[in-house]
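Single-structure report; data block below.
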Amino acid sequence: MQDTVTISVRHLVEYVFQSGSIDTRLNTVDTMHEGTKAHQRVQRSYGEQDQKEVYVKADIPWDDLLFVVDGRCDGLLATEPVLTVDEIKSTGGDLDRIAEDGYPVHWAQALFYAYMYAKAHEQPAMRVQLTYVQTETETERRFMRELGLEELEQYVQEVVSRYAPYAQQRRRHEQARDESIRELAFPFDAYRAGQRKLAGAVYKSIDEGVRLFARAPTGIGKTISTTYPTIKAMGAGMLQRFYYLTARTTTRAAAEDALLFMKSKGLHMHAVTITAKDKICFKDEVRCEKELCPYADGYYDRINGAVLDILEHETVMTRSVIEAYARKHTVCPFEFSLDVAYAADAVICDYNYIFDPRISFKRQYAEMKKQTALLVDEAHNLVDRAREMFSAELSKSPFLALQRELKDVHEGGYQSAKAINDYFIALRKNSDGAPHLIGRYLPDELIELVEAFLSATEHALSTGVGGGGGGLLLDTYFAAHNFARTAKLFDERYVVYTELTNSDVRLKLFCMDPSQLLQQMGKGYRSHVYFSATLSPVSYYMDMLGAGENDYTLAVPSPFLREQLDLIIEPLSTRFNDRDESKAPIAKLIQRLMDERPGNYFVFFPSYAYMNAVYETYMELVQRSASAGVSASAAEVLLQKPDMTEEERDLFLSAFQAGSERSLIGFAVMGGVFSEGVDLAGDRLIGVIVIGVGLPQLSVERNLLKDYFNEQGKNGYEYAYVIPGMNKVLQAGGRLIRSETDRGTLVLIDDRYLQAPYRRLLPEEWRDR
C-alpha cells in the first residue's frame, strides 16, 4: 500500500529548484512573486474562450509513495493553435536581467500544470508560456515551449524523484513519531495540583478547534501541562505540528527542557528553536550578501542536503545543534532554522513569526495551518508586542541623509528622498510650534511619496547604488516598506501620531487596538492556547487578544500553601513627586530585612533612574552603619544595567546561589529581563521587594490609548496604565515561590495596594493576606 503525500505544485517545485545565494539587497526587491494587479491585467487580455485560475490535480505514483499534487494555473489559452498554459510572474526588477530562457522553477510550475491538465483531458500535447511582467512599467516578456504528453510525464517523474527522498524521510519520521506518542505517558510520576485540569482544557480546546485563555499560576508546570496534551493531540491525528510562542529567551529554554525531558521518556519528535538573526549570525556584522558571507553564498544550493541531514540524525534541535549543522554544511544558521521549521513537528520561536506581517512564516498554506496549534506562553506580553508589530513609523533624518548621499549618484532616489524630507519640513512649519500632532486620518500625500520612494529605491538597490544596498539605503527601504504595508491596515483602531523636535520629525501609524489584526494573523490555525500566570483580568486579555464567542477561559488556583508566602504591604507613596522622600525609608526597609532574615533578594523598581537613586541611598546607609560600628548584614549588591548581553545576564543570575555565607541583593527593573521567566528555586531566592505599582511612564502614546478606550466605553486609565502596570508587579512577585518546598517574603511598597482598583488585581492568594 502506498503512502499518500499531498502537496501543492508550487511547494514541490520550489523545494527541488531552489538555488543560488541569500542576498538581502536583491531578494527584497527582485524576487519573482505573484502580483495580483499584474496578473489581473494580463488575464483581462485573454480571449472569450480562454480560462483563468484553472484548478488542476493529479495522482503521481513514485515507488512506495503516491503524490497527490494540485495547483491553480493562471491561464488556459484556447485561442492559441495548441492549448496553452500561461504562468504569470511579476517583478519590480529589470526584465532584461531574466535569463534567456526564464527561470527553471517557473518552467517547472508551468510544466506541471500542463501535464496535469493534459493527463485529465487526454491532450496529446500542450504549449507552455511564461509571462513576466514589470510591475512599474507594465512591460511584458514571454517565453514559449511545446511538449507532448510523454515528454511532460517524463519531466514530472524526474522532478518528483528529486523530492521523493525528503518525502520518504518525512514518512519514516511520522510513523516513528506517532508510535512514540501513543506510548508516551505523562512524564512525571503524578500531576501537580491543577496540572491535570489545565492539560485537559488544552486537549479539549484543540479537539474542538477553539481558543483557550488560561490563567495558570507559577509553579503549576505550565510548559509540560500545555505541550504534553498538544503532543497527544498530534498522536490522535488532530495536529501535524505546533508552535510554542514566547517573548523571552528564558521561556524558550523551558520549552526546550520539557521536550528534552519527554525525549528521555521515549518521545521521537522533530522540534526546532528559532534564534534571532542578530544573535545567531556567525559574522561580526549581519550583512546577508554573498560577497561578504560564505554562509549566504550558494546557500540554496546546499540547503536541501543540510535539512535532510539534520532531520535524519536529530530530534530536539536547539540553537547549538542548529549552529553545528550550519557550520558543517556552510549555510546561514538563521535561514537554516527557518527551513527546518517548515519540516518540524514543533517550533519554539518568538511571537513575531506568527503574528508580525513583516516576518511571519511565508510558506504556510491553509491546509498546514488547519493542522497546527499555537501555544502562546506569557501571553500577557502579546498585547503591547502586537501594537508594535502592527504600528510603523518614519523619521525625517534618514531621508535627509539619503538625499545627500544619492545626489549626483541616483536621480530617482535623490528626488524621492528629497520629497519626503520636504514633506516633513512642511509638517514642522505648519505645526505652529506644537511638540506633537494627533490625526485620525491616513496621510495620503505621504503614502504616495513613500510608494514613489520604494519604486526608486528598488531600482537603486537592483543596480547596486549605495554600495550594493547595504547600510542606510537598505534600512530606509525596509522602514518605508513597512510603513506602506501598515498603511493598508489603517482603520478606526489607528491614530497618526507625529512628534516634532528641533532635530527631527517622527510620524507614527499607531495601532491602539490590535485585537482584530491578531485575529486575522492567527486565522486558519486549529487552536490557540494563551496562558500565563498573570492573565488577569481575563476579560481584558480576551478583549485585547481577539477572543471569539465560543472560546474558553480557565483559572487554575495556586497549588501552594498559604504558609509558604509571607506578604507585607508597606503603604508608602512611590509616586514620581514623592520618590526623593521615599529613598531613605526604602533603603532602611531593605537593610532591616537583610538583618532579620539574611539571604538572597530581588528588589524591583519601576525605572532605572529610581533604582539607581535608591541603590546609592542604600549603599550610603550601609557605609554609615559600618562607620558607626552598627552591626548590619553586609550583603553583596548587583545592579541591573540597560542592554545587558546574554553572558552578563547569566552571570547576574548565577550569583544567586543557595547556602552562600553572604546575602545577595539584585536591584532590577519591573518588566525587564529578570522580572519574568526567571526560576530561582529554593534558597536561591528567599525574598522579593516590589516598589510601586508598575504604571507605565506618562506619555502621549499611553494617553492616546486611555482616550481611545474611554471612547469605546471602557475604563481607559485601567486599560492604558493600571492593568499593564499591575501585570509587571505580578510577574516580579511570581519569581519567589516556584515549587512546593519554596518559602519566602514578598514586600509590596506603595499605598495604592490598599486601594480597591489595585487590590482587586492582586492574585487571590495575595489578597487573602
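Every chain in the C-alpha cells takes a letter, A first, then B, and so on in the order presented; its residues are numbered from 1, and the ligands are numbered from 1 following the presented order.
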
Compile the contact shell of Glu367 in chain A as a list in words: residues with an atom at most 10 Å away, counting only C-alpha atoms, same-chain residues fewer than 3 positions apart removed.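 Surrounding residues, per the criterion: Thr6, Ile7, Gln364, Lys370, Gln371, Thr372, Gly524 and Tyr525 of chain A.
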
Nearby residues (only C-alpha atoms) at most 9 Å from range 194-200 of chain A, same-chain spacing under 3 positions excluded, as a list in words: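 Listed by chain and then number, they are Tyr191, Tyr203, Lys204, Ser205, Ala214, Ala216, Ile220, Gly221, Lys222, Ile224, Ser225, Thr226, Thr227, Tyr228, Pro229, Thr230, Leu554, Ala555, Val556, Pro557, Ser558 and Pro559 of chain A.
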
Restricted to N, CA, C and O atoms, what would the selected residues look like written as a compact mmCIF listing (two decimals), in the first residue's frame?
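For reference, result08.txt as written:
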```
# COMPACT_ATOMS: atom_id res chain seq x y z
N TYR A 191 0.48 14.13 38.54
CA TYR A 191 0.16 15.51 38.20
C TYR A 191 0.23 16.38 39.45
O TYR A 191 -0.19 15.95 40.54
N TYR A 203 -6.24 20.03 25.71
CA TYR A 203 -6.62 18.96 24.78
C TYR A 203 -8.02 19.20 24.21
O TYR A 203 -8.25 19.07 23.00
N LYS A 204 -8.93 19.60 25.07
CA LYS A 204 -10.32 19.85 24.63
C LYS A 204 -10.39 21.01 23.66
O LYS A 204 -11.13 20.98 22.67
N SER A 205 -9.61 22.05 23.92
CA SER A 205 -9.61 23.22 23.03
C SER A 205 -9.10 22.86 21.65
O SER A 205 -9.63 23.32 20.63
N ALA A 214 -5.98 30.82 29.56
CA ALA A 214 -5.77 30.14 30.84
C ALA A 214 -4.86 30.95 31.75
O ALA A 214 -3.73 31.28 31.37
N ALA A 216 -2.77 30.36 34.73
CA ALA A 216 -2.19 29.22 35.43
C ALA A 216 -1.03 29.71 36.27
O ALA A 216 -0.04 30.19 35.73
N ILE A 220 2.89 25.64 38.66
CA ILE A 220 2.00 24.55 38.30
C ILE A 220 2.64 23.64 37.25
O ILE A 220 2.24 22.49 37.08
N GLY A 221 3.64 24.16 36.54
CA GLY A 221 4.24 23.39 35.45
C GLY A 221 3.50 23.65 34.16
O GLY A 221 3.03 22.72 33.50
N LYS A 222 3.39 24.92 33.78
CA LYS A 222 2.59 25.30 32.60
C LYS A 222 3.15 24.71 31.32
O LYS A 222 2.39 24.31 30.43
N ILE A 224 4.88 21.88 30.61
CA ILE A 224 4.57 20.47 30.39
C ILE A 224 3.06 20.27 30.30
O ILE A 224 2.57 19.39 29.57
N SER A 225 2.29 21.11 31.00
CA SER A 225 0.83 20.98 31.00
C SER A 225 0.20 21.42 29.70
O SER A 225 -0.96 21.12 29.43
N THR A 226 0.94 22.17 28.88
CA THR A 226 0.43 22.59 27.58
C THR A 226 1.04 21.78 26.45
O THR A 226 0.34 21.42 25.49
N THR A 227 2.33 21.46 26.54
CA THR A 227 2.97 20.72 25.45
C THR A 227 2.54 19.25 25.43
O THR A 227 2.30 18.69 24.35
N TYR A 228 2.41 18.62 26.60
CA TYR A 228 2.07 17.19 26.63
C TYR A 228 0.71 16.91 25.99
O TYR A 228 0.60 16.04 25.10
N PRO A 229 -0.37 17.62 26.39
CA PRO A 229 -1.65 17.33 25.73
C PRO A 229 -1.65 17.69 24.25
O PRO A 229 -2.36 17.06 23.45
N THR A 230 -0.85 18.68 23.86
CA THR A 230 -0.77 19.04 22.45
C THR A 230 -0.10 17.92 21.66
O THR A 230 -0.53 17.58 20.54
N LEU A 554 -10.02 29.62 31.60
CA LEU A 554 -9.70 28.72 32.71
C LEU A 554 -8.85 29.48 33.71
O LEU A 554 -7.91 30.18 33.32
N ALA A 555 -9.19 29.35 34.97
CA ALA A 555 -8.38 29.93 36.05
C ALA A 555 -8.02 28.80 37.01
O ALA A 555 -8.90 28.23 37.67
N VAL A 556 -6.74 28.46 37.06
CA VAL A 556 -6.28 27.38 37.93
C VAL A 556 -5.80 27.99 39.24
O VAL A 556 -4.98 28.92 39.22
N PRO A 557 -6.30 27.52 40.37
CA PRO A 557 -5.85 28.09 41.65
C PRO A 557 -4.39 27.76 41.95
O PRO A 557 -3.83 26.81 41.39
N SER A 558 -3.79 28.55 42.82
CA SER A 558 -2.40 28.31 43.20
C SER A 558 -2.25 26.96 43.87
O SER A 558 -3.07 26.59 44.73
N PRO A 559 -1.21 26.20 43.51
CA PRO A 559 -1.01 24.90 44.15
C PRO A 559 -0.28 24.99 45.49
O PRO A 559 -0.06 23.96 46.13
```

DSSP alpha helix (DSSP H) residues within range 292-494 of chain A, as a VMD selection string: chain A and resid 299 to 313 319 to 329 333 to 341 352 to 355 366 to 370 382 to 389 396 to 406 411 to 429 444 to 462 465 to 469 472 to 487

Skip range 749-764 of chain A itself and residues of its chain fewer than 3 positions away, then list as a CSV table (one decimal) with C-alpha atoms, in the first residue's frame all residues within 8 Å of it, counting only C-alpha atoms.
```
chain,number,residue,atom,x,y,z
A,536,SER,CA,-5.8,38.7,34.8
A,537,PRO,CA,-8.3,40.2,34.5
A,569,ILE,CA,2.4,45.8,52.3
A,570,GLU,CA,4.2,49.0,53.1
A,571,PRO,CA,1.8,51.9,52.4
A,572,LEU,CA,4.5,54.3,51.3
A,573,SER,CA,4.0,56.7,48.3
A,574,THR,CA,6.3,55.9,45.4
A,689,ILE,CA,10.5,43.5,47.2
A,690,VAL,CA,8.3,45.3,44.6
A,691,ILE,CA,8.4,49.1,44.7
A,692,GLY,CA,5.5,50.9,43.1
A,693,VAL,CA,2.5,49.6,41.1
A,722,VAL,CA,-3.3,50.2,35.7
A,723,ILE,CA,-3.6,46.7,34.2
A,726,MET,CA,0.0,45.6,37.8
A,730,LEU,CA,2.5,40.1,39.5
A,767,ARG,CA,-5.3,39.3,48.7
A,768,ASP,CA,-6.0,36.8,51.5
```

So which residues touch Glu122 in chain A within 12 Å, counting only C-alpha atoms, skipping near sequence neighbours fewer than 5 positions away, as number ranges by chain? A: 83, 114-117, 148-150

With range 357-361 of chain A as the partner and 10 Å as the cut-off, tabulate the residues of range 480-574 of chain A that qualify, each row holding the nearest pair of atoms and their distance in Å to one decimal, using only C-alpha atoms, sorted by chain and rising number, as a Markdown table.
```
| residue | atom | partner | partner_atom | distance |
| --- | --- | --- | --- | --- |
| A:His481 | CA | A:Arg358 | CA | 9.4 |
| A:Asn482 | CA | A:Arg358 | CA | 7.1 |
| A:Arg485 | CA | A:Arg358 | CA | 8.7 |
| A:Thr486 | CA | A:Pro357 | CA | 9.0 |
| A:Leu517 | CA | A:Pro357 | CA | 9.7 |
| A:Met521 | CA | A:Pro357 | CA | 7.5 |
```
